[in-house]
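One file, start_18.txt, carrying compact mmCIF, C-alpha atoms:
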```
# COMPACT_ATOMS: atom_id res chain seq x y z
CA MET A 57 -20.89 12.95 47.31
CA ALA A 58 -22.24 13.01 43.77
CA TYR A 59 -20.16 12.49 40.73
CA VAL A 60 -20.94 12.50 37.05
CA ASN A 61 -18.72 11.28 34.26
CA THR A 62 -18.34 13.86 31.50
CA ALA A 63 -16.77 13.18 28.16
CA ALA A 64 -14.61 16.27 28.34
CA GLU A 65 -13.42 16.25 31.92
CA GLY A 66 -13.94 12.80 33.34
CA MET A 67 -15.54 12.36 36.78
CA ARG A 68 -16.75 15.59 38.42
CA ASN A 69 -18.34 16.50 41.76
CA THR A 70 -21.87 17.74 41.02
CA SER A 71 -23.21 18.21 44.55
CA ALA A 72 -24.19 21.74 45.64
CA THR A 73 -22.14 21.45 48.85
CA PRO A 74 -18.43 22.08 48.46
CA LEU A 75 -16.30 19.18 49.59
CA PRO A 76 -14.10 19.43 52.73
CA ALA A 77 -10.54 20.48 52.00
CA ASP A 78 -9.06 17.01 52.38
CA ALA A 79 -11.95 15.51 50.44
CA THR A 80 -11.50 18.14 47.72
CA GLY A 81 -7.85 17.15 47.45
CA ARG A 82 -8.78 13.49 47.13
CA ALA A 83 -11.50 14.39 44.65
CA ARG A 84 -9.03 16.40 42.57
CA LEU A 85 -6.62 13.49 42.66
CA ALA A 86 -9.45 11.20 41.59
CA ASP A 87 -10.37 13.69 38.85
CA GLY A 88 -6.80 13.54 37.62
CA PHE A 89 -6.81 9.75 37.52
CA PHE A 90 -10.16 9.66 35.78
CA ASN A 91 -9.09 12.28 33.24
CA ALA A 92 -5.88 10.41 32.50
CA ALA A 93 -7.74 7.12 32.23
CA THR A 94 -10.34 8.69 29.94
CA ALA A 95 -7.68 10.16 27.68
CA LEU A 96 -5.82 6.84 27.56
CA LEU A 97 -8.99 4.95 26.70
CA LYS A 98 -9.86 7.46 23.97
CA PHE A 99 -6.38 7.14 22.48
CA ALA A 100 -6.51 3.36 22.59
CA ALA A 101 -9.99 3.28 21.05
CA GLN A 102 -8.92 5.65 18.28
CA SER A 103 -5.76 3.64 17.55
CA ILE A 104 -7.73 0.42 17.39
CA ALA A 105 -10.37 2.01 15.16
CA TRP A 106 -7.75 3.39 12.75
CA SER A 107 -6.01 0.03 12.74
CA LEU A 108 -9.26 -1.78 11.95
CA ILE A 109 -10.29 0.70 9.29
CA GLY A 110 -6.79 0.72 7.83
CA LEU A 111 -6.63 4.47 7.28
CA ARG A 112 -3.20 5.86 6.51
CA THR A 113 -1.93 9.12 7.83
CA VAL A 114 -1.35 11.61 4.99
CA THR A 115 0.97 14.51 5.75
CA ALA A 116 1.80 17.39 3.42
CA LYS A 117 5.22 19.03 3.79
CA THR A 118 6.33 22.14 1.95
CA ALA A 119 9.71 22.44 3.64
CA ASN A 120 12.46 19.96 4.46
CA TYR A 121 11.41 17.36 7.00
CA THR A 122 13.26 14.81 9.10
CA VAL A 123 11.13 11.68 8.96
CA LEU A 124 10.61 9.92 12.28
CA THR A 125 10.33 6.22 13.02
CA THR A 126 6.96 7.04 14.52
CA ASP A 127 5.86 8.24 11.06
CA THR A 128 5.94 4.64 9.81
CA HIS A 129 3.17 3.93 7.26
CA THR A 130 2.65 7.65 6.66
CA VAL A 131 2.02 9.00 3.17
CA PHE A 132 4.04 12.18 2.66
CA THR A 133 3.12 14.64 -0.05
CA THR A 134 4.50 17.98 -1.15
CA VAL A 135 1.18 19.59 -2.02
CA GLY A 136 1.70 23.35 -2.02
CA ALA A 137 5.50 23.26 -2.14
CA SER A 138 7.17 26.13 -3.97
CA GLY A 139 10.64 24.61 -3.98
CA ALA A 140 12.45 21.32 -3.49
CA VAL A 141 11.49 19.39 -0.38
CA THR A 142 13.90 16.89 1.14
CA PHE A 143 12.67 14.11 3.39
CA ALA A 144 15.58 12.90 5.51
CA LEU A 145 14.88 9.31 6.47
CA PRO A 146 15.60 7.85 9.89
CA ALA A 147 18.11 5.02 10.26
CA ALA A 148 16.76 2.16 8.17
CA THR A 149 15.28 -0.32 10.63
CA VAL A 150 13.57 -3.50 9.48
CA GLY A 151 9.82 -3.04 9.19
CA LEU A 152 9.67 0.72 8.67
CA GLU A 153 7.53 1.75 5.70
CA TYR A 154 6.82 5.10 4.04
CA PHE A 155 4.94 6.38 1.01
CA PHE A 156 5.74 9.54 -0.93
CA ARG A 157 3.75 11.46 -3.51
CA VAL A 158 5.03 14.43 -5.44
CA GLY A 159 2.33 17.04 -4.94
CA ALA A 160 3.77 19.99 -6.87
CA ALA A 161 5.98 20.55 -9.89
CA GLN A 162 8.95 20.69 -7.55
CA GLU A 163 11.55 18.13 -6.55
CA LEU A 164 10.68 15.68 -3.80
CA ARG A 165 13.87 14.15 -2.46
CA ILE A 166 14.09 11.06 -0.26
CA ASP A 167 17.41 11.07 1.49
CA PRO A 168 18.67 7.97 3.31
CA ASN A 169 20.33 8.41 6.67
CA GLY A 170 24.09 8.98 6.51
CA THR A 171 25.67 6.42 4.21
CA GLU A 172 22.64 4.17 4.05
CA THR A 173 21.19 3.27 0.68
CA ILE A 174 17.91 3.29 -1.18
CA ALA A 175 16.95 1.27 -4.26
CA LEU A 176 16.35 2.81 -7.66
CA PRO A 177 12.67 2.15 -8.46
CA SER A 178 13.33 1.33 -12.11
CA THR A 179 15.64 -1.56 -11.26
CA GLY A 180 15.34 -2.32 -7.58
CA VAL A 181 19.11 -2.08 -7.27
CA GLN A 182 20.48 -0.29 -4.22
CA GLY A 183 21.99 3.08 -5.05
CA ALA A 184 25.28 4.56 -3.89
CA ALA A 185 25.83 5.35 -0.23
CA GLY A 186 23.93 8.35 0.99
CA LYS A 187 22.41 9.30 -2.36
CA TYR A 188 18.83 10.52 -2.45
CA LEU A 189 15.98 9.63 -4.81
CA THR A 190 14.21 12.45 -6.57
CA ALA A 191 11.15 13.09 -8.73
CA ASP A 192 9.46 16.34 -9.67
CA ALA A 193 6.24 15.68 -11.56
CA ASP A 194 2.92 16.04 -9.74
CA GLY A 195 1.48 12.61 -9.07
CA GLU A 196 4.68 10.56 -9.01
CA THR A 197 4.74 8.08 -6.14
CA VAL A 198 7.02 5.62 -4.44
CA ARG A 199 6.62 3.17 -1.56
CA ILE A 200 9.69 2.12 0.41
CA ILE A 201 10.19 -0.48 3.12
CA CYS A 202 13.26 -1.44 5.11
CA THR A 203 13.79 -5.20 4.90
CA LYS A 204 17.44 -5.13 5.88
CA ALA A 205 19.04 -2.71 8.30
CA GLY A 206 20.67 0.14 6.44
CA GLN A 207 18.80 -0.40 3.17
CA TRP A 208 15.49 0.79 1.73
CA SER A 209 13.75 -1.34 -0.88
CA VAL A 210 11.04 -0.15 -3.24
CA PHE A 211 7.67 -1.89 -3.48
CA GLY A 212 6.02 0.08 -6.21
CA SER A 213 6.39 3.43 -7.91
CA THR A 214 4.86 5.61 -10.58
CA GLY A 215 6.66 8.14 -12.73
CA THR A 216 10.38 8.64 -13.05
CA TRP A 217 12.56 8.51 -9.97
CA THR A 218 16.26 9.10 -10.32
CA ALA A 219 19.19 8.93 -7.95
CA GLU A 220 21.24 11.92 -6.82
CA ALA A 221 24.02 12.52 -9.32
CA MET N 122 0.99 0.10 28.85
CA ALA N 123 2.93 0.87 25.70
CA ASP N 124 3.08 -1.94 23.20
CA LEU N 125 6.76 -2.39 22.39
CA ARG N 126 5.82 -4.08 19.13
CA THR N 127 4.49 -0.81 17.78
CA ILE N 128 6.08 2.44 16.73
CA GLY N 129 3.93 5.44 17.43
CA GLY N 130 0.90 3.21 17.72
CA HIS N 131 1.61 1.56 14.37
CA ALA N 132 3.00 -1.94 13.97
CA PRO N 133 6.14 -2.07 11.83
CA ARG N 134 5.91 -4.45 8.89
CA THR N 135 6.70 -8.07 9.62
CA VAL N 136 9.70 -9.09 7.50
CA SER N 137 10.38 -12.80 7.10
CA VAL N 138 13.47 -14.24 5.40
CA LYS N 139 13.11 -17.60 3.66
CA THR N 140 15.89 -19.52 1.92
CA ALA N 141 13.86 -22.66 1.25
CA ALA N 142 10.40 -23.32 -0.15
CA TYR N 143 7.67 -22.04 2.12
CA THR N 144 3.93 -22.55 2.29
CA VAL N 145 2.49 -19.15 3.04
CA LEU N 146 -0.23 -19.08 5.68
CA SER N 147 -3.31 -16.93 5.80
CA GLY N 148 -1.98 -15.96 9.21
CA ASP N 149 1.04 -14.43 7.44
CA CYS N 150 -1.24 -11.77 5.94
CA GLY N 151 0.63 -8.48 5.64
CA THR N 152 4.04 -10.12 5.84
CA LEU N 153 6.91 -9.10 3.61
CA PHE N 154 8.96 -12.12 2.50
CA THR N 155 12.54 -11.89 1.27
CA THR N 156 15.06 -14.47 0.06
CA GLU N 157 18.27 -13.04 1.42
CA GLY N 158 20.92 -15.75 1.60
CA ALA N 159 19.11 -18.17 -0.70
CA SER N 160 21.40 -20.41 -2.74
CA GLY N 161 18.67 -21.74 -5.01
CA ALA N 162 15.14 -21.03 -6.16
CA VAL N 163 12.66 -20.36 -3.37
CA THR N 164 8.98 -21.07 -3.98
CA PHE N 165 6.31 -19.39 -1.91
CA THR N 166 3.10 -21.37 -2.18
CA LEU N 167 0.19 -19.09 -1.50
CA PRO N 168 -2.80 -20.08 0.58
CA ALA N 169 -6.24 -20.25 -1.02
CA ALA N 170 -6.89 -16.76 -2.35
CA THR N 171 -9.32 -15.22 0.11
CA VAL N 172 -10.47 -11.63 -0.21
CA GLY N 173 -8.33 -9.31 1.88
CA LEU N 174 -5.17 -11.39 2.07
CA ARG N 175 -2.08 -9.49 0.99
CA TYR N 176 1.65 -10.21 0.85
CA ASP N 177 4.85 -8.57 -0.34
CA PHE N 178 7.89 -10.32 -1.81
CA LEU N 179 11.43 -9.07 -2.31
CA VAL N 180 14.15 -10.89 -4.24
CA LYS N 181 17.25 -10.52 -2.11
CA ALA N 182 19.57 -12.98 -3.84
CA THR N 183 20.37 -13.70 -7.46
CA GLN N 184 18.10 -16.71 -7.33
CA GLU N 185 14.55 -17.24 -8.46
CA LEU N 186 11.77 -16.20 -6.15
CA ARG N 187 8.55 -17.90 -7.20
CA VAL N 188 5.07 -16.92 -6.06
CA ASP N 189 2.83 -19.90 -6.66
CA PRO N 190 -0.96 -19.65 -6.41
CA ASN N 191 -2.85 -22.39 -4.66
CA GLY N 192 -3.94 -25.30 -6.86
CA THR N 193 -5.57 -23.96 -10.01
CA GLU N 194 -5.98 -20.43 -8.73
CA THR N 195 -4.46 -17.59 -10.73
CA ILE N 196 -2.17 -14.62 -10.30
CA ALA N 197 -1.88 -11.51 -12.45
CA LEU N 198 1.15 -10.68 -14.56
CA PRO N 199 2.56 -7.47 -13.08
CA SER N 200 3.35 -5.87 -16.42
CA SER N 201 -0.24 -6.15 -17.67
CA GLY N 202 -2.43 -6.92 -14.69
CA ALA N 203 -4.01 -9.78 -16.61
CA GLN N 204 -4.75 -12.99 -14.74
CA GLN N 205 -2.59 -15.84 -15.99
CA ALA N 206 -3.19 -19.51 -16.65
CA ALA N 207 -4.45 -21.70 -13.83
CA GLY N 208 -1.82 -22.66 -11.29
CA LYS N 209 1.10 -20.86 -12.95
CA TYR N 210 3.63 -19.11 -10.72
CA LEU N 211 5.29 -15.71 -11.07
CA THR N 212 9.06 -15.56 -10.93
CA ALA N 213 11.89 -13.02 -10.73
CA ASP N 214 15.58 -13.51 -10.00
CA ALA N 215 17.34 -10.16 -9.74
CA ASN N 216 18.31 -8.73 -6.40
CA GLY N 217 15.93 -5.90 -5.50
CA GLU N 218 12.92 -6.96 -7.55
CA SER N 219 9.72 -6.77 -5.55
CA LEU N 220 6.06 -7.68 -5.80
CA SER N 221 2.93 -6.83 -3.84
CA VAL N 222 -0.15 -9.02 -4.22
CA VAL N 223 -3.62 -8.80 -2.77
CA CYS N 224 -6.73 -10.92 -3.18
CA VAL N 225 -9.79 -8.87 -4.11
CA LYS N 226 -11.72 -11.78 -5.62
CA ALA N 227 -11.69 -15.31 -4.28
CA GLY N 228 -9.35 -17.49 -6.30
CA GLU N 229 -7.40 -14.63 -7.87
CA TRP N 230 -4.34 -12.61 -6.87
CA ASN N 231 -3.94 -9.06 -8.12
CA VAL N 232 -0.72 -7.07 -8.23
CA THR N 233 -0.74 -3.67 -6.56
CA GLY N 234 2.91 -2.82 -7.13
CA TYR N 235 6.11 -4.29 -8.47
CA ILE N 236 9.70 -3.53 -9.34
CA GLY N 237 11.78 -5.31 -11.97
CA THR N 238 10.79 -8.05 -14.38
CA TRP N 239 8.33 -10.69 -13.25
CA THR N 240 7.43 -13.45 -15.67
CA ILE N 241 4.96 -16.29 -15.61
CA GLU N 242 5.82 -19.98 -15.42
CA SER N 243 6.16 -21.30 -18.94
```

Any chance you could put this one into structure tokens?
Amino acid sequence: MAYVNTAAEGMRNTSATPLPADATGRARLADGFFNAATALLKFAAQSIAWSLIGLRTVTAKTANYTVLTTDTHTVFTTVGASGAVTFALPAATVGLEYFFRVGAAQELRIDPNGTETIALPSTGVQGAAGKYLTADADGETVRIICTKAGQWSVFGSTGTWTAEA
Amino acid sequence: MADLRTIGGHAPRTVSVKTAAYTVLSGDCGTLFTTEGASGAVTFTLPAATVGLRYDFLVKATQELRVDPNGTETIALPSSGAQQAAGKYLTADANGESLSVVCVKAGEWNVTGYIGTWTIES
């Protein structure tokens, strides 16, 4: 029985003689395990590489988007937006971090979850319950981190961010 | 096996609350320090400024939060970016003020973001 490990498909039977039925079943099962293991290793290697390099994920949104906890550390932009774009934040959980960059001359709104709050960048003071932050000039940025459940603090901004009236 | 300390493969920021003076460790790199619950000034003494170290600070009480460079090392004034006098600390005391520092040159701390009014030790 001859096998070769391919990058795309994992371990494959390369012999000219077809395998017996039961052996083929076992081989397919083995193929499945090898493919799964290969995919897992690739994912792990990529995650480690990104972590070591420190690259951030940059995601452009031109329509409203519900931000996920799994988006933590992502940089969201609105490049190409033709109208206001609202980013609805997940429940503020300690350690979550997001970056936003206005990418068009349209409003970018950052909306806390339910009655949670977000700080006004110009003062650092938490805003009213449930009120969003907004900016609409290309290039304006803000970085927010949750340091206390239910609240978002600001760790740097450019431009003019205001709270929902 | 999934690492429960990560979210989507990314580690959430480490947030550490201090209500008394604390000597920051190089091993704390990447940590976000806050002063929630502090009843007096809290001084964070930085480790020797080594390229690549970075920290964030958030005032979470109406008390001074001081960021003190190691020995005669220096730290930039957030409003100007200019390195200050040897050994002088930065301070802020309003709830919500924040500061992000990183070392890009041995012996010096640069500011990469801030909120509020940070002043230098007089």

(message) Only residues of chain N matter here; which ones have an atom within 9 Å of chain A, counting only C-alpha atoms? Give them as JSON, numbers by chain.
(response) {"N": [127, 128, 129, 130, 131, 132, 133, 134, 135, 136, 137, 153, 154, 155, 177, 178, 179, 215, 216, 217, 218, 219, 220, 221, 233, 234, 235, 236, 237, 238]}

(request) Would you list the contacts of Asp192 (chain A) as a PyMOL selection string, taking every protein, DNA or RNA residue within 7 Å and counting all atoms listed in the file, but skipping same-chain residues closer than 3 positions in sequence? (result) chain A and resi 158+161-164

(message) When you look at Ala207 (chain N) with a cut-off of 12 Å (counting only C-alpha atoms), what residues show up, excluding the ones that are within fewer than 5 positions of it in the same chain? I need them as a PyMOL selection string.
(response) chain N and resi 189-197+228-230+241-243

Can you write out the residues you just picked, keeping C-alpha atoms, as a PDB file, in the coordinates of the input?
```
ATOM      1  CA  ASP N 189       2.830 -19.900  -6.660  1.00  0.00           C
ATOM      2  CA  PRO N 190      -0.960 -19.650  -6.410  1.00  0.00           C
ATOM      3  CA  ASN N 191      -2.850 -22.390  -4.660  1.00  0.00           C
ATOM      4  CA  GLY N 192      -3.940 -25.300  -6.860  1.00  0.00           C
ATOM      5  CA  THR N 193      -5.570 -23.960 -10.010  1.00  0.00           C
ATOM      6  CA  GLU N 194      -5.980 -20.430  -8.730  1.00  0.00           C
ATOM      7  CA  THR N 195      -4.460 -17.590 -10.730  1.00  0.00           C
ATOM      8  CA  ILE N 196      -2.170 -14.620 -10.300  1.00  0.00           C
ATOM      9  CA  ALA N 197      -1.880 -11.510 -12.450  1.00  0.00           C
ATOM     10  CA  GLY N 228      -9.350 -17.490  -6.300  1.00  0.00           C
ATOM     11  CA  GLU N 229      -7.400 -14.630  -7.870  1.00  0.00           C
ATOM     12  CA  TRP N 230      -4.340 -12.610  -6.870  1.00  0.00           C
ATOM     13  CA  ILE N 241       4.960 -16.290 -15.610  1.00  0.00           C
ATOM     14  CA  GLU N 242       5.820 -19.980 -15.420  1.00  0.00           C
ATOM     15  CA  SER N 243       6.160 -21.300 -18.940  1.00  0.00           C
TER      16      SER N 243
END
```

Contacts of Gly151 (chain N) at 7 Å (only C-alpha atoms; same-chain gap of 2+ positions) as a CSV table (one decimal) with C-alpha atoms, keeping the file's coordinate frame:
```csv
chain,number,residue,atom,x,y,z
N,149,ASP,CA,1.0,-14.4,7.4
N,153,LEU,CA,6.9,-9.1,3.6
N,175,ARG,CA,-2.1,-9.5,1.0
N,176,TYR,CA,1.6,-10.2,0.8
```

(request) Mind checking which residues fall within 9 Å of Val188 (chain N), counting all atoms listed in the file, ignoring those fewer than 4 positions away in the same chain, and posting them as an NGL selection string? (result) :N and (163-167 or 178 or 196 or 209-212)

(message) Would you compute the distance between CA of Gly202 (chain N) and CA of Ala142 (chain N)? Give it in Å to one decimal.
(response) 25.4 Å

(message) What does the structure give for the distance between CA of Phe156 (chain A) and CA of Ser147 (chain N), in Å to one decimal?
(response)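 Those two atoms sit 28.8 Å apart.
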
(message) Using Å and a single decimal, report how far CA of Arg112 (chain A) sits from CA of Val141 (chain A).
(response)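 Computed distance, CA of Val141 (chain A) to CA of Arg112 (chain A), equals 21.1 Å.
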
Once you add 8 Å to each side, what are the centre and edge lengths of the axis-aligned box holding all listed atoms of region 195-211 of chain N? One decimal in Å, as AutoDock Vina command-line options, if you can.
```
--center_x 0.3 --center_y -14.3 --center_z -14.0 --size_x 26.0 --size_y 32.8 --size_z 23.4
```
